[in-house]
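So this block is structure29.cif, mmCIF, C-alpha atoms:
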```
data_input
#
loop_
_atom_site.label_atom_id
_atom_site.label_comp_id
_atom_site.auth_asym_id
_atom_site.auth_seq_id
_atom_site.Cartn_x
_atom_site.Cartn_y
_atom_site.Cartn_z
CA MET X 9 -38.48 -155.63 30.23
CA PRO X 10 -40.49 -154.70 27.15
CA ASP X 11 -38.66 -155.32 23.94
CA PRO X 12 -37.87 -151.88 22.38
CA SER X 13 -38.81 -153.20 18.95
CA TYR X 14 -42.18 -154.19 20.34
CA ARG X 15 -44.26 -151.36 18.89
CA ARG X 16 -43.20 -152.20 15.38
CA LEU X 17 -44.59 -155.71 15.54
CA ASP X 18 -47.87 -156.27 13.86
CA VAL X 19 -50.83 -157.77 15.67
CA ASP X 20 -50.37 -161.34 14.42
CA GLU X 21 -46.70 -161.38 15.28
CA ARG X 22 -47.41 -159.94 18.74
CA ARG X 23 -50.05 -162.58 19.31
CA ARG X 24 -47.62 -165.28 18.19
CA GLN X 25 -44.99 -164.02 20.64
CA LEU X 26 -47.53 -163.90 23.46
CA LEU X 27 -48.51 -167.49 22.76
CA GLU X 28 -44.88 -168.57 22.78
CA ARG X 29 -44.23 -166.88 26.14
CA GLY X 30 -47.58 -168.21 27.36
CA ALA X 31 -46.45 -171.76 26.64
CA GLU X 32 -43.40 -171.20 28.83
CA LEU X 33 -45.38 -169.57 31.62
CA PHE X 34 -48.17 -172.12 31.72
CA THR X 35 -45.77 -175.04 31.66
CA SER X 36 -43.49 -173.57 34.34
CA ASN X 37 -46.11 -172.53 36.89
CA ARG X 38 -49.16 -174.03 38.45
CA TYR X 39 -52.24 -172.64 36.76
CA GLU X 40 -53.57 -171.15 40.00
CA GLU X 41 -50.32 -169.26 40.56
CA LEU X 42 -50.68 -167.25 37.37
CA SER X 43 -52.91 -164.19 37.21
CA MET X 44 -53.43 -161.94 34.22
CA SER X 45 -51.45 -159.26 36.11
CA ARG X 46 -48.53 -161.57 36.63
CA ILE X 47 -48.64 -162.81 33.03
CA ALA X 48 -48.64 -159.20 31.77
CA ARG X 49 -45.67 -158.40 34.00
CA GLU X 50 -43.74 -161.50 32.92
CA VAL X 51 -44.24 -160.86 29.22
CA GLY X 52 -43.57 -157.12 29.61
CA ILE X 53 -46.81 -155.61 28.35
CA SER X 54 -49.66 -153.78 30.06
CA LYS X 55 -52.50 -155.75 31.51
CA SER X 56 -54.98 -153.92 29.29
CA LEU X 57 -53.03 -154.86 26.18
CA LEU X 58 -52.95 -158.48 27.33
CA TYR X 59 -56.75 -158.37 27.76
CA HIS X 60 -56.98 -156.93 24.28
CA TYR X 61 -55.50 -160.17 22.95
CA PHE X 62 -57.08 -162.64 25.34
CA PRO X 63 -60.31 -162.01 27.28
CA SER X 64 -59.33 -164.24 30.23
CA LYS X 65 -56.57 -166.39 31.65
CA GLN X 66 -58.46 -169.53 30.63
CA ALA X 67 -58.77 -168.19 27.06
CA PHE X 68 -55.05 -167.44 26.97
CA PHE X 69 -54.24 -170.88 28.36
CA GLU X 70 -56.42 -172.64 25.81
CA ALA X 71 -54.95 -170.54 23.01
CA THR X 72 -51.40 -171.49 24.01
CA LEU X 73 -52.28 -175.18 24.04
CA GLY X 74 -54.07 -174.87 20.70
CA ALA X 75 -51.14 -172.99 19.18
CA TRP X 76 -48.71 -175.61 20.41
CA ALA X 77 -50.78 -178.45 18.94
CA GLU X 78 -51.14 -176.56 15.67
CA GLU X 79 -47.42 -175.82 15.47
CA LEU X 80 -46.66 -179.46 16.15
CA ARG X 81 -49.06 -180.54 13.43
CA ALA X 82 -47.65 -178.07 10.91
CA ARG X 83 -44.04 -179.07 11.57
CA THR X 84 -44.62 -182.80 11.51
CA GLU X 85 -47.30 -183.15 8.85
CA PRO X 86 -45.86 -185.48 6.25
CA ASP X 87 -45.90 -184.85 2.51
CA PRO X 88 -48.01 -187.74 1.21
CA ALA X 89 -46.17 -187.64 -2.12
CA LEU X 90 -43.01 -188.95 -0.41
CA PRO X 91 -42.31 -192.61 0.34
CA PRO X 92 -43.18 -193.54 3.98
CA ALA X 93 -39.55 -193.65 5.13
CA GLU X 94 -38.89 -190.13 3.85
CA GLN X 95 -42.13 -188.86 5.38
CA LEU X 96 -40.99 -190.19 8.73
CA VAL X 97 -37.52 -188.67 8.49
CA ALA X 98 -39.05 -185.28 7.63
CA SER X 99 -41.64 -185.46 10.43
CA VAL X 100 -39.12 -186.45 13.06
CA GLY X 101 -36.79 -183.67 11.90
CA GLY X 102 -39.65 -181.17 12.16
CA PHE X 103 -40.49 -182.38 15.63
CA LEU X 104 -36.90 -182.06 16.84
CA GLY X 105 -36.73 -178.51 15.48
CA LEU X 106 -39.78 -177.59 17.51
CA VAL X 107 -38.34 -179.22 20.63
CA GLU X 108 -35.01 -177.47 20.21
CA GLU X 109 -36.60 -174.03 19.83
CA ASN X 110 -39.01 -174.46 22.73
CA SER X 111 -37.06 -176.71 25.02
CA VAL X 112 -38.22 -175.21 28.33
CA ALA X 113 -41.91 -175.42 27.46
CA TYR X 114 -41.43 -178.86 25.93
CA ARG X 115 -39.62 -180.25 28.96
CA ASN X 116 -42.25 -178.95 31.34
CA LEU X 117 -45.10 -180.14 29.13
CA ILE X 118 -43.78 -183.66 28.88
CA SER X 119 -42.69 -184.04 32.47
CA SER X 120 -46.16 -182.77 33.56
CA ALA X 121 -44.49 -180.18 35.72
CA THR X 122 -47.77 -178.39 36.34
CA GLY X 123 -50.15 -181.30 36.81
CA VAL X 124 -52.79 -179.51 34.71
CA PRO X 125 -55.26 -182.11 33.37
CA GLU X 126 -55.77 -180.24 30.07
CA ILE X 127 -52.06 -180.53 29.29
CA ARG X 128 -51.98 -184.22 30.11
CA ASP X 129 -55.05 -184.87 27.95
CA LEU X 130 -53.61 -182.88 25.06
CA ILE X 131 -50.38 -184.90 25.14
CA ALA X 132 -52.33 -188.16 25.20
CA GLU X 133 -54.50 -187.02 22.31
CA VAL X 134 -51.55 -185.86 20.21
CA ARG X 135 -49.79 -189.18 20.79
CA HIS X 136 -52.94 -191.07 19.86
CA ARG X 137 -53.48 -189.16 16.63
CA THR X 138 -49.81 -189.36 15.70
CA ALA X 139 -49.76 -193.13 16.24
CA GLU X 140 -52.82 -193.52 14.01
CA ARG X 141 -51.26 -191.39 11.30
CA ILE X 142 -48.00 -193.32 11.34
CA LEU X 143 -49.76 -196.68 11.36
CA ALA X 144 -52.05 -195.70 8.49
CA GLY X 145 -48.99 -194.58 6.51
CA ILE X 146 -46.96 -197.73 6.97
CA TYR X 147 -49.72 -200.35 7.23
CA PRO X 148 -52.30 -199.14 4.70
CA ASP X 149 -54.19 -202.45 4.97
CA GLY X 150 -54.50 -202.23 8.75
CA ALA X 151 -51.85 -202.51 11.44
CA PRO X 152 -51.38 -205.68 13.51
CA PRO X 153 -51.76 -205.20 17.29
CA LYS X 154 -48.04 -205.60 17.92
CA ALA X 155 -47.28 -202.80 15.46
CA ARG X 156 -49.77 -200.55 17.25
CA VAL X 157 -48.05 -201.29 20.58
CA ALA X 158 -44.65 -200.64 18.97
CA VAL X 159 -45.63 -197.29 17.45
CA SER X 160 -47.38 -196.18 20.65
CA GLY X 161 -44.31 -197.09 22.65
CA TRP X 162 -42.05 -195.36 20.15
CA LEU X 163 -43.85 -192.03 20.57
CA TRP X 164 -43.01 -192.27 24.26
CA PHE X 165 -39.44 -193.23 23.37
CA MET X 166 -39.23 -190.03 21.36
CA ASP X 167 -40.23 -187.92 24.36
CA GLY X 168 -37.91 -189.76 26.75
CA ALA X 169 -35.01 -189.45 24.31
CA CYS X 170 -35.74 -185.75 23.72
CA LEU X 171 -35.80 -185.01 27.45
CA ASP X 172 -32.41 -186.69 27.81
CA TRP X 173 -31.11 -184.80 24.77
CA ILE X 174 -32.30 -181.43 26.12
CA GLU X 175 -30.70 -182.18 29.47
CA HIS X 176 -27.29 -183.24 28.15
CA ARG X 177 -27.00 -181.79 24.63
CA ASP X 178 -24.09 -184.11 23.88
CA ILE X 179 -25.37 -185.57 20.63
CA ASP X 180 -26.50 -183.48 17.70
CA ARG X 181 -29.97 -183.19 16.27
CA ASP X 182 -29.33 -185.31 13.21
CA GLU X 183 -27.78 -188.06 15.32
CA LEU X 184 -30.87 -188.05 17.50
CA ARG X 185 -33.14 -188.11 14.45
CA ASP X 186 -31.32 -191.13 13.06
CA LEU X 187 -31.44 -192.86 16.42
CA LEU X 188 -35.20 -192.27 16.62
CA ILE X 189 -35.84 -193.58 13.12
CA GLY X 190 -33.53 -196.55 13.68
CA THR X 191 -35.36 -197.39 16.90
CA LEU X 192 -38.74 -197.33 15.18
CA VAL X 193 -37.42 -199.62 12.47
CA GLY X 194 -35.95 -201.89 15.16
CA ALA X 195 -39.26 -201.96 17.04
CA LEU X 196 -41.20 -202.81 13.89
CA ILE X 197 -38.74 -205.57 13.03
CA ALA X 198 -39.20 -206.87 16.57
CA THR X 199 -42.96 -207.17 15.95
CA GLY X 200 -42.20 -209.91 13.43
CA SER X 201 -44.17 -208.22 10.64
CA PRO X 202 -42.15 -205.17 9.60
CA PRO X 203 -43.59 -203.00 6.82
CA ASP X 204 -41.71 -202.22 3.63
CA LEU X 205 -40.72 -198.66 4.53
CA GLY X 206 -38.74 -198.14 1.37
CA GLY X 207 -41.74 -198.71 -0.89
CA ALA X 208 -43.37 -195.91 -2.90
CA GLY X 209 -45.96 -193.85 -1.01
CA MET M 13 -67.18 -204.44 52.79
CA PRO M 14 -64.61 -205.93 55.13
CA ASP M 15 -63.20 -209.20 53.94
CA PRO M 16 -64.52 -211.94 56.33
CA SER M 17 -61.08 -213.57 56.34
CA TYR M 18 -59.63 -210.27 57.42
CA ARG M 19 -59.18 -211.03 61.10
CA ARG M 20 -57.05 -214.04 60.33
CA LEU M 21 -54.47 -212.04 58.46
CA ASP M 22 -51.35 -211.22 60.30
CA VAL M 23 -50.09 -207.70 60.73
CA ASP M 24 -47.57 -207.75 57.88
CA GLU M 25 -50.03 -209.18 55.40
CA ARG M 26 -52.67 -206.63 56.45
CA ARG M 27 -50.16 -203.85 56.00
CA ARG M 28 -49.22 -205.20 52.58
CA GLN M 29 -52.87 -205.26 51.50
CA LEU M 30 -53.40 -201.73 52.77
CA LEU M 31 -50.42 -200.53 50.77
CA GLU M 32 -51.74 -202.24 47.65
CA ARG M 33 -55.16 -200.61 48.01
CA GLY M 34 -53.44 -197.36 48.93
CA ALA M 35 -51.57 -197.40 45.63
CA GLU M 36 -54.90 -197.66 43.79
CA LEU M 37 -56.55 -194.96 45.88
CA PHE M 38 -53.72 -192.47 45.69
CA THR M 39 -53.29 -192.92 41.96
CA SER M 40 -57.03 -192.67 41.23
CA ASN M 41 -57.85 -189.59 43.28
CA ARG M 42 -56.39 -186.20 43.86
CA TYR M 43 -54.49 -186.16 47.11
CA GLU M 44 -56.69 -183.44 48.59
CA GLU M 45 -59.82 -185.47 47.89
CA LEU M 46 -58.72 -188.33 50.13
CA SER M 47 -59.17 -188.16 53.89
CA MET M 48 -58.26 -190.87 56.40
CA SER M 49 -62.03 -191.43 56.91
CA ARG M 50 -62.58 -191.96 53.22
CA ILE M 51 -59.53 -194.21 52.89
CA ALA M 52 -60.76 -196.34 55.82
CA ARG M 53 -64.21 -196.60 54.20
CA GLU M 54 -62.79 -197.53 50.81
CA VAL M 55 -60.53 -200.24 52.18
CA GLY M 56 -63.22 -201.51 54.53
CA ILE M 57 -61.57 -201.10 57.92
CA SER M 58 -62.19 -198.78 60.84
CA LYS M 59 -60.50 -195.44 60.92
CA SER M 60 -58.81 -196.28 64.21
CA LEU M 61 -57.32 -199.44 62.72
CA LEU M 62 -56.06 -197.45 59.75
CA TYR M 63 -54.40 -195.01 62.18
CA HIS M 64 -52.87 -197.96 63.95
CA TYR M 65 -50.97 -198.78 60.74
CA PHE M 66 -50.29 -195.26 59.49
CA PRO M 67 -50.17 -192.17 61.73
CA SER M 68 -51.32 -189.78 58.97
CA LYS M 69 -52.46 -189.58 55.36
CA GLN M 70 -49.06 -188.27 54.34
CA ALA M 71 -47.37 -191.21 56.09
CA PHE M 72 -49.70 -193.65 54.31
CA PHE M 73 -49.07 -191.95 50.96
CA GLU M 74 -45.31 -192.07 51.41
CA ALA M 75 -45.48 -195.69 52.50
CA THR M 76 -47.46 -196.66 49.36
CA LEU M 77 -44.93 -194.94 47.10
CA GLY M 78 -42.05 -196.54 48.96
CA ALA M 79 -43.68 -199.97 48.76
CA TRP M 80 -44.28 -199.57 45.03
CA ALA M 81 -40.67 -198.57 44.42
CA GLU M 82 -39.45 -201.46 46.56
CA GLU M 83 -41.71 -203.97 44.79
CA LEU M 84 -40.49 -202.69 41.43
CA ARG M 85 -36.89 -203.04 42.55
CA ALA M 86 -37.41 -206.54 43.90
CA ARG M 87 -39.16 -207.75 40.75
CA THR M 88 -36.71 -206.26 38.30
CA GLU M 89 -33.42 -206.65 40.13
CA PRO M 90 -31.21 -208.66 37.84
CA ASP M 91 -29.16 -211.67 38.88
CA PRO M 92 -25.59 -210.52 38.21
CA ALA M 93 -24.51 -214.12 37.61
CA LEU M 94 -26.50 -214.20 34.37
CA PRO M 95 -25.29 -212.82 31.03
CA PRO M 96 -26.60 -209.28 30.35
CA ALA M 97 -29.19 -210.43 27.79
CA GLU M 98 -30.73 -212.91 30.22
CA GLN M 99 -30.70 -210.34 33.02
CA LEU M 100 -32.69 -208.02 30.79
CA VAL M 101 -35.22 -210.66 29.78
CA ALA M 102 -35.77 -211.56 33.45
CA SER M 103 -36.09 -207.92 34.54
CA VAL M 104 -38.54 -207.02 31.80
CA GLY M 105 -40.58 -210.12 32.59
CA GLY M 106 -40.68 -209.14 36.26
CA PHE M 107 -41.75 -205.63 35.37
CA LEU M 108 -44.60 -206.85 33.16
CA GLY M 109 -45.83 -209.13 35.93
CA LEU M 110 -46.03 -206.16 38.27
CA VAL M 111 -47.85 -204.08 35.66
CA GLU M 112 -50.33 -206.86 34.95
CA GLU M 113 -51.17 -207.37 38.62
CA ASN M 114 -51.51 -203.66 39.39
CA SER M 115 -52.73 -202.30 36.11
CA VAL M 116 -55.07 -199.62 37.50
CA ALA M 117 -52.46 -198.14 39.81
CA TYR M 118 -49.79 -198.45 37.13
CA ARG M 119 -51.88 -196.72 34.48
CA ASN M 120 -52.74 -193.86 36.78
CA LEU M 121 -49.18 -193.52 38.01
CA ILE M 122 -47.73 -193.32 34.53
CA SER M 123 -50.37 -191.09 33.01
CA SER M 124 -49.92 -188.71 36.01
CA ALA M 125 -53.64 -188.85 36.61
CA THR M 126 -53.31 -187.13 39.96
CA GLY M 127 -50.73 -184.48 39.19
CA VAL M 128 -49.02 -185.15 42.53
CA PRO M 129 -45.41 -183.93 42.32
CA GLU M 130 -44.09 -186.74 44.56
CA ILE M 131 -45.39 -189.34 42.10
CA ARG M 132 -43.87 -187.56 39.13
CA ASP M 133 -40.52 -187.25 40.91
CA LEU M 134 -40.55 -190.90 41.93
CA ILE M 135 -41.16 -192.02 38.34
CA ALA M 136 -38.34 -189.80 37.09
CA GLU M 137 -36.01 -191.13 39.76
CA VAL M 138 -36.88 -194.77 39.06
CA ARG M 139 -36.28 -194.25 35.35
CA HIS M 140 -32.98 -192.55 36.04
CA ARG M 141 -31.72 -195.31 38.32
CA THR M 142 -32.94 -198.04 35.98
CA ALA M 143 -31.18 -196.43 33.02
CA GLU M 144 -27.96 -196.25 35.00
CA ARG M 145 -28.25 -199.89 36.03
CA ILE M 146 -28.89 -201.08 32.49
CA LEU M 147 -26.09 -198.96 31.06
CA ALA M 148 -23.61 -200.16 33.68
CA GLY M 149 -24.60 -203.74 32.88
CA ILE M 150 -24.18 -203.54 29.12
CA TYR M 151 -21.41 -200.93 28.85
CA PRO M 152 -19.13 -201.78 31.79
CA ASP M 153 -16.43 -199.45 30.44
CA GLY M 154 -18.77 -196.46 30.24
CA ALA M 155 -21.73 -195.82 27.96
CA PRO M 156 -21.50 -193.49 24.95
CA PRO M 157 -23.99 -190.56 24.99
CA LYS M 158 -26.12 -192.08 22.22
CA ALA M 159 -26.54 -195.28 24.24
CA ARG M 160 -27.63 -193.23 27.26
CA VAL M 161 -30.23 -191.45 25.11
CA ALA M 162 -31.36 -194.80 23.69
CA VAL M 163 -31.79 -196.49 27.07
CA SER M 164 -33.53 -193.44 28.54
CA GLY M 165 -35.90 -193.37 25.60
CA TRP M 166 -36.47 -197.09 25.85
CA LEU M 167 -37.68 -196.84 29.47
CA TRP M 168 -40.33 -194.44 28.20
CA PHE M 169 -41.09 -196.81 25.34
CA MET M 170 -41.74 -199.50 27.93
CA ASP M 171 -44.32 -197.35 29.71
CA GLY M 172 -46.01 -196.25 26.49
CA ALA M 173 -46.16 -199.84 25.25
CA CYS M 174 -47.49 -201.09 28.60
CA LEU M 175 -50.25 -198.47 28.64
CA ASP M 176 -51.32 -199.57 25.16
CA TRP M 177 -51.14 -203.21 26.23
CA ILE M 178 -53.28 -202.62 29.33
CA GLU M 179 -55.82 -200.75 27.26
CA HIS M 180 -56.16 -203.33 24.48
CA ARG M 181 -54.90 -206.63 25.92
CA ASP M 182 -54.64 -208.07 22.43
CA ILE M 183 -51.08 -209.34 22.62
CA ASP M 184 -49.81 -211.62 25.35
CA ARG M 185 -47.25 -210.83 27.98
CA ASP M 186 -44.42 -212.82 26.43
CA GLU M 187 -45.02 -211.20 23.05
CA LEU M 188 -44.79 -207.80 24.70
CA ARG M 189 -41.64 -208.81 26.55
CA ASP M 190 -39.99 -209.92 23.30
CA LEU M 191 -41.09 -206.72 21.57
CA LEU M 192 -39.58 -204.65 24.38
CA ILE M 193 -36.27 -206.51 24.31
CA GLY M 194 -36.18 -206.42 20.51
CA THR M 195 -36.77 -202.69 20.56
CA LEU M 196 -33.94 -202.10 22.99
CA VAL M 197 -31.61 -204.15 20.82
CA GLY M 198 -32.82 -202.20 17.77
CA ALA M 199 -32.24 -198.88 19.54
CA LEU M 200 -28.73 -199.90 20.60
CA ILE M 201 -27.92 -201.03 17.07
CA ALA M 202 -29.20 -197.66 15.86
CA THR M 203 -26.66 -195.93 18.11
CA GLY M 204 -23.91 -197.35 15.92
CA SER M 205 -22.07 -198.91 18.88
CA PRO M 206 -24.19 -201.84 20.05
CA PRO M 207 -22.87 -203.84 23.01
CA ASP M 208 -22.29 -207.57 22.92
CA LEU M 209 -25.40 -208.60 24.84
CA GLY M 210 -24.70 -212.29 24.44
CA GLY M 211 -21.34 -212.12 26.25
CA ALA M 212 -20.81 -213.62 29.68
CA GLY M 213 -21.75 -211.38 32.62
#
```
Show me this structure written as structure tokens.
Amino acid sequence: MPDPSYRRLDVDERRRQLLERGAELFTSNRYEELSMSRIAREVGISKSLLYHYFPSKQAFFEATLGAWAEELRARTEPDPALPPAEQLVASVGGFLGLVEENSVAYRNLISSATGVPEIRDLIAEVRHRTAERILAGIYPDGAPPKARVAVSGWLWFMDGACLDWIEHRDIDRDELRDLLIGTLVGALIATGSPPDLGGAG
Amino acid sequence: MPDPSYRRLDVDERRRQLLERGAELFTSNRYEELSMSRIAREVGISKSLLYHYFPSKQAFFEATLGAWAEELRARTEPDPALPPAEQLVASVGGFLGLVEENSVAYRNLISSATGVPEIRDLIAEVRHRTAERILAGIYPDGAPPKARVAVSGWLWFMDGACLDWIEHRDIDRDELRDLLIGTLVGALIATGSPPDLGGAG
């Protein structure tokens, strides 16, 4: 059903909403099962209006992935003026907010519900870049191999813990955030060369 | 090329080898791309001999998944006579041995290279059962929700850390094992209600 307030939305906002619904559709269905007609029907707009925003299904798909990556970056980008520990707390909090607001798309993305290679590659790339960013922040002189393994593993921990959280919803977001941070600290201690996270940034 | 020693192998051993190669083939190729002819060629036996062991591609595929799950279970099954901490160390060590010996299949399995739903479901199920087993072992009176989240996340950590390890091979297996155990302990401490892992089993 079209949203009655739809006509009042401006173009950017409409595009943003389409991308949000697109993320849900593309993560809940096999790519081949979606046509532009079906997408238009599911999001409640005409097919011609959908084509006005996105020239093809592939373009729409790529735009949803790009928007998701950009949103993730924006919400988790640390403020370099803060000490590393505070940067981490803020980034993890931002990430959990994104997960909470888009839990269906997130769950499907992470559990590779669709088997689409582009999604899998995007997740791997985001994890890779995030690990590098975290390692550069906490080991400015270069990270030892064990720390790299620990941070890489921790990014997977985060996804596994979030999937469990979304499924059960029996701990609150701040508890999860503290558990995630505590686990990273624990993993870095277990490497035998923990960084000084409390130090000035 | 057929292995010259092939004829001397007995039926069980031949079947075991086929399942091992099958795990590599099915995790490295899309299911549709594999035919019984191609599988026979890749493993270096005649198609009729392959059919002698497995009546269809689907049967072979299911047998490889079942064998992998069984091997994983056998290698990680803890000895209930040991204290929980020692059970964990032994299970993680067994898991890493399996990963090391089957690193190609493992990497492809975990990174969902093929997008096959059966593989994804099997991984989810194995993680679920493993989490339950670990939680029952360390929280015999029932695990608090945060501990469930922590153990679920940790099983993902293990896979993320193993993928990094396989890629770089710059830390040794025992170092990785200790890092994994240390991270689990750290995560459980971060839940605020850590179990007494040193207690008698």
Close residues, Ala198 in chain X itself excluded, 10 Å, all atoms listed in the file, min 4 positions apart in chain, as a list in words: Lys154, Ala155, Ala158, Leu192, Val193, Gly194 and Pro202 of chain X; Glu187, Leu188, Asp190, Leu191, Leu192, Ile193, Gly194, Thr195, Leu196, Val197 and Gly198 of chain M
Result set of the PyMOL selection byres ((chain X and resi 70) around 12) on the coordinates above, as a PyMOL selection string: chain X and resi 27+30-31+34+39+62-69+71-77+124+126-127+130
Residues in the PyMOL selection byres ((chain M) within 10 of (chain X)), expressed as a ChimeraX atom specification: /M:123-129,132-133,136,139,156-177,180-184,187-188,190-204
Å distance separating CA of Glu21 in chain X from CA of Leu57 in chain X, one decimal place: 14.2 Å
Gap from CA of Arg33 in chain M to CA of Arg50 in chain M - Å, one decimal: 12.5 Å
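Note that CA of Glu82 in chain M and CA of Tyr151 in chain M are 25.3 Å apart.
The list of residues within 7 Å of (-43.2, -160.8, 25.6), counted using all atoms listed in the file, is X:Pro10, X:Gln25, X:Leu26, X:Arg29, X:Val51, X:Gly52, X:Ile53.
Distances to Arg28 in chain M were evaluated for M:Glu83, M:Glu144, M:Glu98, M:Glu54 using only C-alpha atoms, and the minimum falls at M:Glu83.
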7 Å contact set for range 87-89 of chain M, all atoms listed in the file, chain neighbours under 6 positions out, as a compact mmCIF listing (two decimals) with C-alpha atoms, keeping the file's coordinate frame:
```txt
# COMPACT_ATOMS: atom_id res chain seq x y z
CA SER M 103 -36.09 -207.92 34.54
CA VAL M 104 -38.54 -207.02 31.80
CA GLY M 106 -40.68 -209.14 36.26
CA PHE M 107 -41.75 -205.63 35.37
```
M:Val116, M:Glu179, M:Ala97, M:Leu110 ranked by distance to Gly149 in chain M, top pick (using all atoms listed in the file): M:Ala97
Ref. answer, residues at most 9 Å from (-52.9, -203.0, 64.2) with all atoms listed in the file, as a ChimeraX atom specification: /M:23,26-27,60-65
